[in-house]
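A.B. asks: PDB, C-alpha atoms and all ligand atoms, file data_0.pdb:
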ATOM      1  CA  MET V 638      95.047 197.653 335.377
ATOM      2  CA  ASN V 639      96.868 199.295 332.518
ATOM      3  CA  LYS V 640      95.977 202.925 331.916
ATOM      4  CA  ILE V 641      97.042 204.651 328.738
ATOM      5  CA  LEU V 642      97.131 208.356 327.949
ATOM      6  CA  ILE V 643      96.811 209.476 324.333
ATOM      7  CA  ILE V 644      98.139 212.996 323.766
ATOM      8  CA  GLU V 645      96.764 213.862 320.338
ATOM      9  CA  ASP V 646      95.041 216.951 318.924
ATOM     10  CA  GLU V 647      93.325 215.170 316.030
ATOM     11  CA  ILE V 648      90.280 213.930 317.850
ATOM     12  CA  ALA V 649      89.191 211.424 315.167
ATOM     13  CA  ILE V 650      92.588 209.706 315.377
ATOM     14  CA  ALA V 651      92.609 209.798 319.161
ATOM     15  CA  GLU V 652      89.113 208.286 319.344
ATOM     16  CA  LEU V 653      90.014 205.518 316.903
ATOM     17  CA  GLU V 654      93.108 204.615 318.910
ATOM     18  CA  LYS V 655      91.070 204.731 322.106
ATOM     19  CA  ASP V 656      88.389 202.379 320.708
ATOM     20  CA  TYR V 657      90.923 199.778 319.657
ATOM     21  CA  LEU V 658      92.857 199.934 322.908
ATOM     22  CA  GLU V 659      89.677 199.674 324.973
ATOM     23  CA  LEU V 660      88.641 196.607 323.016
ATOM     24  CA  SER V 661      91.913 195.084 324.145
ATOM     25  CA  GLY V 662      91.024 195.802 327.751
ATOM     26  CA  PHE V 663      92.977 198.970 328.406
ATOM     27  CA  GLU V 664      91.659 202.020 330.196
ATOM     28  CA  VAL V 665      92.285 204.996 327.945
ATOM     29  CA  GLU V 666      92.222 208.766 328.397
ATOM     30  CA  ILE V 667      92.756 211.494 325.824
ATOM     31  CA  GLU V 668      94.341 214.934 326.158
ATOM     32  CA  SER V 669      94.390 217.201 323.106
ATOM     33  CA  THR V 670      96.895 219.840 324.193
ATOM     34  CA  GLY V 671     100.571 219.370 324.970
ATOM     35  CA  ASP V 672     100.730 221.184 328.281
ATOM     36  CA  LEU V 673      97.754 219.362 329.815
ATOM     37  CA  GLY V 674      98.990 216.057 328.438
ATOM     38  CA  LEU V 675     102.348 216.528 330.123
ATOM     39  CA  LYS V 676     100.744 217.642 333.371
ATOM     40  CA  ARG V 677      98.533 214.553 333.535
ATOM     41  CA  THR V 678     101.400 212.229 332.624
ATOM     42  CA  LEU V 679     103.479 213.565 335.479
ATOM     43  CA  THR V 680     100.718 213.722 338.103
ATOM     44  CA  GLU V 681      98.654 210.628 337.306
ATOM     45  CA  ASP V 682      99.425 206.918 337.170
ATOM     46  CA  PHE V 683      99.499 206.075 333.487
ATOM     47  CA  ASN V 684     101.330 202.930 332.403
ATOM     48  CA  LEU V 685     102.044 204.127 328.876
ATOM     49  CA  VAL V 686     101.758 207.312 326.808
ATOM     50  CA  ILE V 687     101.012 207.632 323.094
ATOM     51  CA  LEU V 688     102.430 211.000 322.163
ATOM     52  CA  ASP V 689     101.763 212.966 318.984
ATOM     53  CA  LEU V 690     104.575 215.238 317.835
ATOM     54  CA  MET V 691     102.756 218.375 316.701
ATOM     55  CA  LEU V 692     100.467 219.598 319.459
ATOM     56  CA  PRO V 693      99.037 222.915 320.645
ATOM     57  CA  ASN V 694     100.855 224.686 323.528
ATOM     58  CA  MET V 695     103.809 222.293 323.803
ATOM     59  CA  ASP V 696     105.240 219.887 321.222
ATOM     60  CA  GLY V 697     106.028 216.211 321.572
ATOM     61  CA  PHE V 698     109.815 216.787 321.672
ATOM     62  CA  GLU V 699     109.532 218.873 324.803
ATOM     63  CA  ILE V 700     106.922 216.595 326.397
ATOM     64  CA  CYS V 701     109.008 213.458 325.838
ATOM     65  CA  LYS V 702     112.081 215.130 327.298
ATOM     66  CA  ARG V 703     110.149 216.289 330.370
ATOM     67  CA  ILE V 704     108.509 212.877 330.912
ATOM     68  CA  ARG V 705     111.932 211.221 330.809
ATOM     69  CA  GLU V 706     113.230 213.537 333.515
ATOM     70  CA  GLU V 707     110.712 212.039 335.927
ATOM     71  CA  LYS V 708     109.280 208.775 334.656
ATOM     72  CA  ASN V 709     110.397 205.662 332.813
ATOM     73  CA  ILE V 710     106.971 204.512 331.570
ATOM     74  CA  PRO V 711     106.896 203.532 327.873
ATOM     75  CA  VAL V 712     106.347 206.424 325.456
ATOM     76  CA  ILE V 713     105.280 205.746 321.859
ATOM     77  CA  MET V 714     105.750 208.810 319.661
ATOM     78  CA  VAL V 715     103.641 209.287 316.553
ATOM     79  CA  SER V 716     103.979 211.750 313.730
ATOM     80  CA  ALA V 717     102.453 212.335 310.318
ATOM     81  CA  LYS V 718     105.869 212.988 308.838
ATOM     82  CA  LYS V 719     108.391 210.252 308.209
ATOM     83  CA  ASP V 720     111.190 212.870 308.271
ATOM     84  CA  ASP V 721     110.186 213.922 311.779
ATOM     85  CA  ILE V 722     110.370 210.350 312.977
ATOM     86  CA  ASP V 723     113.907 210.041 311.629
ATOM     87  CA  LYS V 724     114.771 213.314 313.312
ATOM     88  CA  ILE V 725     113.432 212.385 316.734
ATOM     89  CA  ARG V 726     115.076 208.997 316.615
ATOM     90  CA  GLY V 727     118.340 210.849 316.071
ATOM     91  CA  LEU V 728     117.722 213.204 318.973
ATOM     92  CA  GLY V 729     117.644 210.378 321.475
ATOM     93  CA  LEU V 730     114.792 211.839 323.507
ATOM     94  CA  GLY V 731     114.178 208.519 325.161
ATOM     95  CA  ALA V 732     110.950 207.490 323.466
ATOM     96  CA  ASP V 733     110.495 203.713 323.369
ATOM     97  CA  ASP V 734     108.964 203.522 319.923
ATOM     98  CA  TYR V 735     108.032 205.657 316.928
ATOM     99  CA  MET V 736     105.177 205.284 314.480
ATOM    100  CA  THR V 737     104.340 207.212 311.315
ATOM    101  CA  LYS V 738     100.688 208.157 310.763
ATOM    102  CA  PRO V 739      98.585 206.696 309.310
ATOM    103  CA  PHE V 740      99.183 203.339 310.968
ATOM    104  CA  SER V 741      96.824 200.449 311.524
ATOM    105  CA  PRO V 742      95.171 200.502 314.952
ATOM    106  CA  SER V 743      95.923 196.822 315.421
ATOM    107  CA  GLU V 744      99.613 197.488 314.925
ATOM    108  CA  LEU V 745      99.405 200.184 317.594
ATOM    109  CA  VAL V 746      97.707 197.730 319.972
ATOM    110  CA  ALA V 747     100.411 195.119 319.314
ATOM    111  CA  ARG V 748     103.177 197.609 320.056
ATOM    112  CA  VAL V 749     101.429 198.877 323.181
ATOM    113  CA  LYS V 750     101.164 195.310 324.487
ATOM    114  CA  ALA V 751     104.807 194.586 323.708
ATOM    115  CA  HIS V 752     106.052 197.702 325.495
ATOM    116  CA  LEU V 753     103.838 197.144 328.507
ATOM    117  CA  ALA V 754     105.005 193.543 328.795
ATOM    118  CA  ARG V 755     108.622 194.612 328.598
ATOM    119  CA  TYR V 756     108.050 197.367 331.148
ATOM    120  CA  GLU V 757     106.230 195.006 333.511
ATOM    121  CA  ARG V 758     109.123 192.553 333.322
ATOM    122  CA  LEU V 759     111.471 195.418 334.061
ATOM    123  CA  ILE V 760     109.680 196.718 337.140
ATOM    124  CA  GLY V 761     108.043 193.415 338.087
ATOM    125  CA  SER V 762     111.185 191.441 338.777
ATOM    126  CA  GLY V 763     111.485 190.908 342.478
ATOM    127  CA  THR V 764     108.103 192.426 343.330
ATOM    128  CA  LYS V 765     105.135 190.541 344.733
ATOM    129  CA  GLU V 766     103.096 188.069 342.739
ATOM    130  CA  ASN V 767      99.956 188.935 340.859
ATOM    131  CA  GLU V 768      96.618 188.500 342.560
ATOM    132  CA  VAL V 769      94.898 185.612 340.820
ATOM    133  CA  ILE V 770      91.495 183.920 341.099
ATOM    134  CA  GLU V 771      91.376 180.349 339.770
ATOM    135  CA  ILE V 772      88.237 178.275 339.342
ATOM    136  CA  ARG V 773      88.054 175.070 337.275
ATOM    137  CA  GLY V 774      90.351 176.123 334.439
ATOM    138  CA  LEU V 775      89.307 179.769 334.552
ATOM    139  CA  LYS V 776      92.107 182.041 335.697
ATOM    140  CA  ILE V 777      91.526 185.730 336.383
ATOM    141  CA  ASP V 778      94.717 187.690 336.886
ATOM    142  CA  LYS V 779      93.500 190.741 338.750
ATOM    143  CA  THR V 780      96.854 192.490 338.720
ATOM    144  CA  ALA V 781      97.437 192.181 334.992
ATOM    145  CA  ARG V 782      93.686 192.314 334.258
ATOM    146  CA  ARG V 783      93.865 189.261 332.055
ATOM    147  CA  VAL V 784      91.636 186.231 331.752
ATOM    148  CA  TYR V 785      92.712 182.735 330.722
ATOM    149  CA  LEU V 786      90.612 179.693 330.018
ATOM    150  CA  ASN V 787      92.573 176.445 330.209
ATOM    151  CA  GLY V 788      95.739 178.436 329.641
ATOM    152  CA  GLU V 789      94.451 180.335 326.624
ATOM    153  CA  GLU V 790      94.066 184.087 327.002
ATOM    154  CA  LYS V 791      90.600 185.522 326.367
ATOM    155  CA  ILE V 792      90.328 189.200 325.542
ATOM    156  CA  PHE V 793      88.016 191.113 327.866
ATOM    157  CA  THR V 794      86.824 194.714 327.728
ATOM    158  CA  THR V 795      87.148 196.770 330.915
ATOM    159  CA  LYS V 796      83.520 196.307 331.975
ATOM    160  CA  GLU V 797      83.399 192.631 331.072
ATOM    161  CA  PHE V 798      86.499 192.102 333.208
ATOM    162  CA  ASP V 799      85.043 194.108 336.114
ATOM    163  CA  LEU V 800      81.766 192.212 335.968
ATOM    164  CA  LEU V 801      83.370 188.764 335.793
ATOM    165  CA  THR V 802      85.799 189.601 338.597
ATOM    166  CA  PHE V 803      83.050 190.976 340.807
ATOM    167  CA  LEU V 804      80.951 187.825 340.417
ATOM    168  CA  ALA V 805      83.923 185.485 340.843
ATOM    169  CA  GLU V 806      84.985 187.272 344.024
ATOM    170  CA  ASN V 807      81.497 186.891 345.462
ATOM    171  CA  PRO V 808      80.601 183.318 344.519
ATOM    172  CA  ASN V 809      77.397 181.492 345.371
ATOM    173  CA  ARG V 810      75.567 184.754 345.869
ATOM    174  CA  VAL V 811      72.747 185.889 343.642
ATOM    175  CA  TYR V 812      72.954 189.428 342.319
ATOM    176  CA  THR V 813      70.121 191.195 340.542
ATOM    177  CA  LYS V 814      70.863 193.018 337.318
ATOM    178  CA  GLU V 815      70.151 196.287 339.121
ATOM    179  CA  GLU V 816      72.754 195.513 341.779
ATOM    180  CA  LEU V 817      75.337 194.569 339.186
ATOM    181  CA  PHE V 818      74.645 197.664 337.107
ATOM    182  CA  ARG V 819      75.018 199.855 340.179
ATOM    183  CA  ASP V 820      78.241 198.181 341.286
ATOM    184  CA  ILE V 821      80.038 197.925 337.975
ATOM    185  CA  TRP V 822      78.901 200.979 336.045
ATOM    186  CA  ASP V 823      79.371 204.392 337.574
ATOM    187  CA  MET V 824      76.604 206.947 337.943
ATOM    188  CA  GLU V 825      77.502 208.822 334.755
ATOM    189  CA  SER V 826      77.099 205.752 332.575
ATOM    190  CA  VAL V 827      74.354 205.761 330.041
ATOM    191  CA  GLY V 828      72.543 202.521 329.861
ATOM    192  CA  ASP V 829      70.342 200.362 331.969
ATOM    193  CA  ILE V 830      70.119 196.836 333.282
ATOM    194  CA  ALA V 831      69.949 195.511 329.701
ATOM    195  CA  THR V 832      73.644 196.452 329.555
ATOM    196  CA  VAL V 833      74.264 193.809 332.229
ATOM    197  CA  THR V 834      72.486 191.138 330.169
ATOM    198  CA  VAL V 835      74.547 192.031 327.101
ATOM    199  CA  HIS V 836      77.819 191.854 329.059
ATOM    200  CA  ILE V 837      76.930 188.525 330.690
ATOM    201  CA  LYS V 838      76.217 187.141 327.225
ATOM    202  CA  LYS V 839      79.591 188.330 325.939
ATOM    203  CA  ILE V 840      81.436 186.926 328.953
ATOM    204  CA  ARG V 841      79.739 183.550 328.487
ATOM    205  CA  GLU V 842      80.718 183.458 324.838
ATOM    206  CA  LYS V 843      84.319 183.791 325.985
ATOM    207  CA  ILE V 844      84.452 181.394 328.911
ATOM    208  CA  GLU V 845      81.605 178.903 328.596
ATOM    209  CA  PHE V 846      81.921 175.676 326.644
ATOM    210  CA  ASN V 847      78.157 175.614 326.150
ATOM    211  CA  THR V 848      76.517 179.023 326.643
ATOM    212  CA  SER V 849      73.081 177.518 327.139
ATOM    213  CA  LYS V 850      74.443 175.350 329.987
ATOM    214  CA  PRO V 851      76.816 177.760 331.711
ATOM    215  CA  GLN V 852      79.177 176.237 334.247
ATOM    216  CA  TYR V 853      80.458 179.532 335.683
ATOM    217  CA  ILE V 854      77.771 182.216 335.635
ATOM    218  CA  GLU V 855      74.307 180.789 336.219
ATOM    219  CA  THR V 856      71.085 182.616 335.456
ATOM    220  CA  ILE V 857      68.667 182.540 338.348
ATOM    221  CA  TRP V 858      65.391 183.100 336.532
ATOM    222  CA  GLY V 859      63.483 186.160 337.650
ATOM    223  CA  VAL V 860      66.276 187.183 340.035
ATOM    224  CA  GLY V 861      69.692 187.630 338.444
ATOM    225  CA  TYR V 862      73.036 185.878 338.248
ATOM    226  CA  ARG V 863      75.255 183.729 340.441
ATOM    227  CA  PHE V 864      78.841 182.645 340.077
ATOM    228  CA  LYS V 865      79.057 178.937 340.753
ATOM    229  CA  VAL V 866      82.056 177.403 342.525
TER
HETATM  230 CA    CA D   1      99.087 216.837 315.821
END
Here is the file; what I need is its structure written in the form of structure tokens.

C.D. replies:
Amino acid sequence: MNKILIIEDEIAIAELEKDYLELSGFEVEIESTGDLGLKRTLTEDFNLVILDLMLPNMDGFEICKRIREEKNIPVIMVSAKKDDIDKIRGLGLGADDYMTKPFSPSELVARVKAHLARYERLIGSGTKENEVIEIRGLKIDKTARRVYLNGEEKIFTTKEFDLLTFLAENPNRVYTKEELFRDIWDMESVGDIATVTVHIKKIREKIEFNTSKPQYIETIWGVGYRFKV
């Protein structure tokens, strides 16, 4: 599971970035001050950091330098000023990429994916294989949190992925919507069992050839859902 930290004091920008990254299946956290952002980067397991340059308490120059002293995770630095970007490039702080605000969220997502892929290749060589579930053309890569149907990648949100994986790991067992809601969504979540129905529908749209005749997730009328193997 790829976790991303956005260190950004402009909340509207941070939230926009977060929305787009979550839609691409990443888990995203936001910190709006420099010192806390650095602290969390160093103490928690983030796979990538999106770092704004001008921040309260500690600026992006200092944060990038301190991250590099301890970690080699990808760092994407962003700034509103083109001149600043040129300057930080020249300083050789060790950031992996630089973007000038405003940028398109989809470009950010593309760069995040590219850096994570490169980083995974870097650290992944020689390590153990990904944990994969494969059923009739459906491949769930639990390690990379990616889903493929007949070799084609399907983009899943975090909860859609969790729900599909949970059902696929417990096949031929009927789960009620209440059970699924309890297992997949944590206690703080707003929502109810209708959330489960909505997510099942979205998953089917991605993996079923005919959503009214599902071959993976069956509806057991009046009870719940079952993953068929
Ligand atoms: Ca700022």

A.B. asks: Looking at all atoms listed in the file, which of V:Thr737, V:Asn684, V:Gln852, V:Ser743 is the one that sits closest to V:Gly774?

C.D. replies: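 Nearest candidate to V:Gly774 out of V:Thr737, V:Asn684, V:Gln852, V:Ser743: V:Gln852.
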
A.B. asks: Return as a ChimeraX atom specification every polymer residue, whether protein, DNA or RNA, with at least one atom no more than 7 Å from an atom of ligand CA 1 (chain D); count only C-alpha atoms and all ligand atoms.

C.D. replies: /V:645-647,689-692

A.B. asks: For V:Ile648, please output as a PyMOL selection string all residues within 12 Å (counting only C-alpha atoms; exclusion window: fewer than 4 positions along the same chain).

C.D. replies: chain V and resi 643-644+652-655+666-670+689+692

A.B. asks: Go ahead and save the residues from that selection, with C-alpha atoms, as a PDB file, keeping the file's coordinate frame.

C.D. replies:
ATOM      1  CA  ILE V 643      96.811 209.476 324.333  1.00  0.00           C
ATOM      2  CA  ILE V 644      98.139 212.996 323.766  1.00  0.00           C
ATOM      3  CA  GLU V 652      89.113 208.286 319.344  1.00  0.00           C
ATOM      4  CA  LEU V 653      90.014 205.518 316.903  1.00  0.00           C
ATOM      5  CA  GLU V 654      93.108 204.615 318.910  1.00  0.00           C
ATOM      6  CA  LYS V 655      91.070 204.731 322.106  1.00  0.00           C
ATOM      7  CA  GLU V 666      92.222 208.766 328.397  1.00  0.00           C
ATOM      8  CA  ILE V 667      92.756 211.494 325.824  1.00  0.00           C
ATOM      9  CA  GLU V 668      94.341 214.934 326.158  1.00  0.00           C
ATOM     10  CA  SER V 669      94.390 217.201 323.106  1.00  0.00           C
ATOM     11  CA  THR V 670      96.895 219.840 324.193  1.00  0.00           C
ATOM     12  CA  ASP V 689     101.763 212.966 318.984  1.00  0.00           C
ATOM     13  CA  LEU V 692     100.467 219.598 319.459  1.00  0.00           C
TER      14      LEU V 692
END

A.B. asks: On this structure, which residues satisfy the PyMOL selection byres (((chain V and resi 736) around 9) and not hetatm), written as a list in words?

C.D. replies: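 So the PyMOL selection byres (((chain V and resi 736) around 9) and not hetatm), applied here, picks out Ile713, Met714, Val715, Ser716, Ala717, Lys719, Ile722, Asp734, Tyr735, Thr737, Lys738, Pro739, Phe740 and Leu745 of chain V.
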
A.B. asks: Go ahead and save the residues from that selection, with C-alpha atoms, as a PDB file, in the frame of the given file.

C.D. replies:
ATOM      1  CA  ILE V 713     105.280 205.746 321.859  1.00  0.00           C
ATOM      2  CA  MET V 714     105.750 208.810 319.661  1.00  0.00           C
ATOM      3  CA  VAL V 715     103.641 209.287 316.553  1.00  0.00           C
ATOM      4  CA  SER V 716     103.979 211.750 313.730  1.00  0.00           C
ATOM      5  CA  ALA V 717     102.453 212.335 310.318  1.00  0.00           C
ATOM      6  CA  LYS V 719     108.391 210.252 308.209  1.00  0.00           C
ATOM      7  CA  ILE V 722     110.370 210.350 312.977  1.00  0.00           C
ATOM      8  CA  ASP V 734     108.964 203.522 319.923  1.00  0.00           C
ATOM      9  CA  TYR V 735     108.032 205.657 316.928  1.00  0.00           C
ATOM     10  CA  THR V 737     104.340 207.212 311.315  1.00  0.00           C
ATOM     11  CA  LYS V 738     100.688 208.157 310.763  1.00  0.00           C
ATOM     12  CA  PRO V 739      98.585 206.696 309.310  1.00  0.00           C
ATOM     13  CA  PHE V 740      99.183 203.339 310.968  1.00  0.00           C
ATOM     14  CA  LEU V 745      99.405 200.184 317.594  1.00  0.00           C
TER      15      LEU V 745
END

A.B. asks: For each of V:Ile760, V:Leu775, V:Tyr862, V:Asn694, take the minimum atom-to-atom distance to V:Leu800, counting only C-alpha atoms, then give the residue where this is smallest.

C.D. replies: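 Closest candidate: V:Tyr862.
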
A.B. asks: Need the shell around V:His752: protein/DNA/RNA residues with any atom at most 12 Å away, counting only C-alpha atoms. Skip same-chain ones fewer than 6 positions apart. Format as number ranges by chain?

C.D. replies: V: 639, 641, 684-687, 709-713, 732-735, 745-746, 758-759

A.B. asks: Could the residues in this selection be written to a file with C-alpha atoms, as a PDB file, keeping the file's coordinate frame?

C.D. replies:
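Result written to out-v6.pdb:
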ATOM      1  CA  ASN V 639      96.868 199.295 332.518  1.00  0.00           C
ATOM      2  CA  ILE V 641      97.042 204.651 328.738  1.00  0.00           C
ATOM      3  CA  ASN V 684     101.330 202.930 332.403  1.00  0.00           C
ATOM      4  CA  LEU V 685     102.044 204.127 328.876  1.00  0.00           C
ATOM      5  CA  VAL V 686     101.758 207.312 326.808  1.00  0.00           C
ATOM      6  CA  ILE V 687     101.012 207.632 323.094  1.00  0.00           C
ATOM      7  CA  ASN V 709     110.397 205.662 332.813  1.00  0.00           C
ATOM      8  CA  ILE V 710     106.971 204.512 331.570  1.00  0.00           C
ATOM      9  CA  PRO V 711     106.896 203.532 327.873  1.00  0.00           C
ATOM     10  CA  VAL V 712     106.347 206.424 325.456  1.00  0.00           C
ATOM     11  CA  ILE V 713     105.280 205.746 321.859  1.00  0.00           C
ATOM     12  CA  ALA V 732     110.950 207.490 323.466  1.00  0.00           C
ATOM     13  CA  ASP V 733     110.495 203.713 323.369  1.00  0.00           C
ATOM     14  CA  ASP V 734     108.964 203.522 319.923  1.00  0.00           C
ATOM     15  CA  TYR V 735     108.032 205.657 316.928  1.00  0.00           C
ATOM     16  CA  LEU V 745      99.405 200.184 317.594  1.00  0.00           C
ATOM     17  CA  VAL V 746      97.707 197.730 319.972  1.00  0.00           C
ATOM     18  CA  ARG V 758     109.123 192.553 333.322  1.00  0.00           C
ATOM     19  CA  LEU V 759     111.471 195.418 334.061  1.00  0.00           C
TER      20      LEU V 759
END

A.B. asks: With all atoms listed in the file as the basis for distance, which of V:Gly674, V:Gly859, V:Gly788, V:Gly662 is at the shortest distance from V:Ile844?

C.D. replies: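 Smallest separation from V:Ile844 among the options: V:Gly788.
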
A.B. asks: So what do you get for atom CA of V:Glu766 versus atom CA of V:Phe793, distance-wise?

C.D. replies: 21.4 Å

A.B. asks: Residues near V:Lys838, anyone? I mean within 12 Å using all atoms listed in the file, not counting same-chain ones fewer than 3 positions away, as a list of chain:residue names.

C.D. replies: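 Listed by chain and then number, they are V:Glu797, V:Leu800, V:Leu801, V:Ala831, V:Thr832, V:Val833, V:Thr834, V:Val835, V:Arg841, V:Glu842, V:Lys843, V:Ile844, V:Glu845, V:Asn847, V:Thr848, V:Ser849, V:Pro851, V:Ile854, V:Glu855, V:Thr856, V:Tyr862.
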
A.B. asks: If you measure from atom CA of V:Arg783 to atom CA of V:Phe683, what distance in Å do you get, rounded to one decimal?

C.D. replies: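 Taking atom CA of V:Arg783 and atom CA of V:Phe683, their separation equals 17.8 Å.
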
A.B. asks: Separation of atom CA of V:His836 and atom CA of V:Glu771, in Å?

C.D. replies: 20.8 Å

A.B. asks: Once the PyMOL selection byres (((chain V and resi 663) around 8) and not hetatm) has been evaluated on this model, what residues remain selected, and can you format them as a list in words?

C.D. replies: Met638, Asn639, Lys640, Ile641, Leu658, Glu659, Leu660, Ser661, Gly662, Glu664, Val665, Thr794 and Thr795 of chain V

A.B. asks: Which of these residues is nearest to V:Tyr812, using only C-alpha atoms: V:Ile770, V:Ile840, V:Ile857, V:Val784?

C.D. replies: V:Ile857

A.B. asks: So, with only C-alpha atoms as the atoms that count, which of V:Lys776, V:Ile704, V:Glu744, V:Leu730 lies closest to V:Glu681?

C.D. replies: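 Of V:Lys776, V:Ile704, V:Glu744, V:Leu730, the one nearest V:Glu681, counting only C-alpha atoms, is V:Ile704.
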
A.B. asks: Hey, what's within 9 Å of V:Leu817 if we count all atoms listed in the file and toss same-chain stuff fewer than 3 positions away? As a list in words, please?

C.D. replies: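 Answer for this query is Leu800, Phe803, Leu804, Tyr812, Thr813, Lys814, Asp820, Ile821, Trp822, Ile830, Val833 and Gly861 of chain V.
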
A.B. asks: Determine the nearest neighbour of V:Thr680 from the options V:Lys708, V:Glu806, V:Thr780, V:Lys791, counting all atoms listed in the file.

C.D. replies: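 Comparing V:Lys708, V:Glu806, V:Thr780, V:Lys791 against V:Thr680, the winner is V:Lys708.
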